[in-house]
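Report on the structure given below.
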Amino acid sequence: MKKIVDFLLECKNLKVLIGKSVLYLCYNRNMAQYALMNLPAESEELKVCTIHSLLGSYMSEDVSEMQLDELISNYHKLHTPIDRIFDVLVVDEGQDLMYDYVWETIDPFLDQGIESGEWIVFTDPNQSI
């Protein structure tokens, strides 16, 4: 977790991400909180969230305790247009989100999608849920 936050901070220091909007996405709420406490304040350029908070922001029901497949299924039933597209996607603890249905769901949030967009996934197979 700390390594990914350090990576993002270094990218900012090297001006790699300057002018680009970044979506930092993870599964775990504690990890998102850690990132929020250690990265520069959220802004138009940086959004830190869990998959639940990202998709839940488009839903009227409480999604915090939903299983991932239920969350994705309920989100797709809404057919809600996405109001924000990011230039870069950073996925932390990606092993928790390595399902085709997850990638198909987050694809529209990334400029040029997963196929051609800018993204990076960090995984830790010892931490898989």
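Going by the structure tokens order, chains are called A, B, ..., each with residues numbered from 1, while ligands are numbered from 1 in the order shown.
Look at A:Glu70: the protein and nucleic acid residues within 12 Å of it, using only C-alpha atoms and passing over chain neighbours fewer than 5 places away, are His52, Leu55, Gly56, Val63, Ser64, Glu65, Tyr75, His76, Lys77, Tyr101 and Val102 of chain A.
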Spatial neighbours of stretch 27-41 of chain A, 6 Å, only C-alpha atoms, chain gap at least 5 places, as a list in words |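 Near neighbours after the sequence-gap exclusion: Cys49, Thr50 and Ile51 of chain A.
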Quick one: residues within 12 Å of A:Ile85, only C-alpha atoms counted, chain neighbours fewer than 4 positions away excluded, as a list of chain:residue names?
-> A:Lys20, A:Ser21, A:Val22, A:Leu23, A:Glu44, A:Glu45, A:Leu46, A:Lys47, A:Leu54, A:Pro81, A:Leu89, A:Ile106, A:Asp107, A:Pro108, A:Phe109, A:Leu110, A:Asp111, A:Gln112, A:Gly113, A:Gly117
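For the residues A:Leu78, A:Val91, A:Ile120, A:Leu68, ranking by smallest atom-to-atom distance to A:Tyr24 using only C-alpha atoms places A:Val91 first.
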Would you mind writing down, as a list in words, each residue of stretch 5-128 of chain A that DSSP on the backbone assigns to strand (DSSP E)?
->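 Restricting stretch 5-128 of chain A to strand (DSSP E) produces Val22, Leu23, Tyr24, Leu25, Cys26, Leu46, Lys47, Val48, Cys49, Thr50, Val88, Leu89, Val90, Val91, Glu118, Trp119, Ile120 and Val121 of chain A.
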Spatial neighbours of A:Val88, max dist 6 Å, only C-alpha atoms, sep filter under 2 positions, as a compact mmCIF listing (two decimals) with all heavy atoms, in the first residue's frame:
# COMPACT_ATOMS: atom_id res chain seq x y z
N VAL A 22 -6.50 11.72 -12.45
CA VAL A 22 -6.12 10.36 -12.03
C VAL A 22 -7.22 9.79 -11.14
O VAL A 22 -7.64 10.42 -10.18
CB VAL A 22 -4.79 10.37 -11.25
CG1 VAL A 22 -4.43 8.97 -10.76
CG2 VAL A 22 -3.67 10.95 -12.11
N PHE A 86 -11.55 9.88 -16.56
CA PHE A 86 -10.20 10.17 -16.07
C PHE A 86 -9.16 9.85 -17.14
O PHE A 86 -9.33 8.95 -17.94
CB PHE A 86 -9.92 9.35 -14.80
CG PHE A 86 -10.82 9.72 -13.67
CD1 PHE A 86 -12.06 9.11 -13.52
CD2 PHE A 86 -10.46 10.70 -12.75
CE1 PHE A 86 -12.92 9.45 -12.48
CE2 PHE A 86 -11.30 11.05 -11.72
CZ PHE A 86 -12.53 10.42 -11.58
N GLU A 118 -4.45 5.06 -20.49
CA GLU A 118 -3.28 4.98 -19.60
C GLU A 118 -3.72 4.42 -18.25
O GLU A 118 -4.57 5.02 -17.58
CB GLU A 118 -2.67 6.37 -19.39
CG GLU A 118 -2.08 6.97 -20.64
CD GLU A 118 -1.49 8.33 -20.36
OE1 GLU A 118 -0.66 8.46 -19.43
OE2 GLU A 118 -1.86 9.28 -21.07
N TRP A 119 -3.16 3.29 -17.86
CA TRP A 119 -3.51 2.67 -16.59
C TRP A 119 -2.38 1.79 -16.10
O TRP A 119 -1.51 1.37 -16.86
CB TRP A 119 -4.81 1.88 -16.70
CG TRP A 119 -4.86 0.85 -17.79
CD1 TRP A 119 -5.22 1.06 -19.10
CD2 TRP A 119 -4.53 -0.54 -17.68
NE1 TRP A 119 -5.14 -0.12 -19.80
CE2 TRP A 119 -4.72 -1.11 -18.96
CE3 TRP A 119 -4.10 -1.35 -16.64
CZ2 TRP A 119 -4.49 -2.46 -19.21
CZ3 TRP A 119 -3.88 -2.69 -16.89
CH2 TRP A 119 -4.08 -3.24 -18.16
Considering only C-alpha atoms, state which residue in the set A:Tyr99, A:Asn74, A:Asp83, A:Cys26 is at the smallest distance from A:Asp62.
->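 Of A:Tyr99, A:Asn74, A:Asp83, A:Cys26, the one nearest A:Asp62, counting only C-alpha atoms, is A:Asn74.
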Computed interatomic separation between atom CA of A:Gly94 and atom CA of A:Leu25 (Å) =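 Interatomic distance, atom CA of A:Gly94 to atom CA of A:Leu25: 8.8 Å.
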In Å and to one decimal, atom CA of A:Arg84 is distant from atom CA of A:Gln67 by 24.1 Å
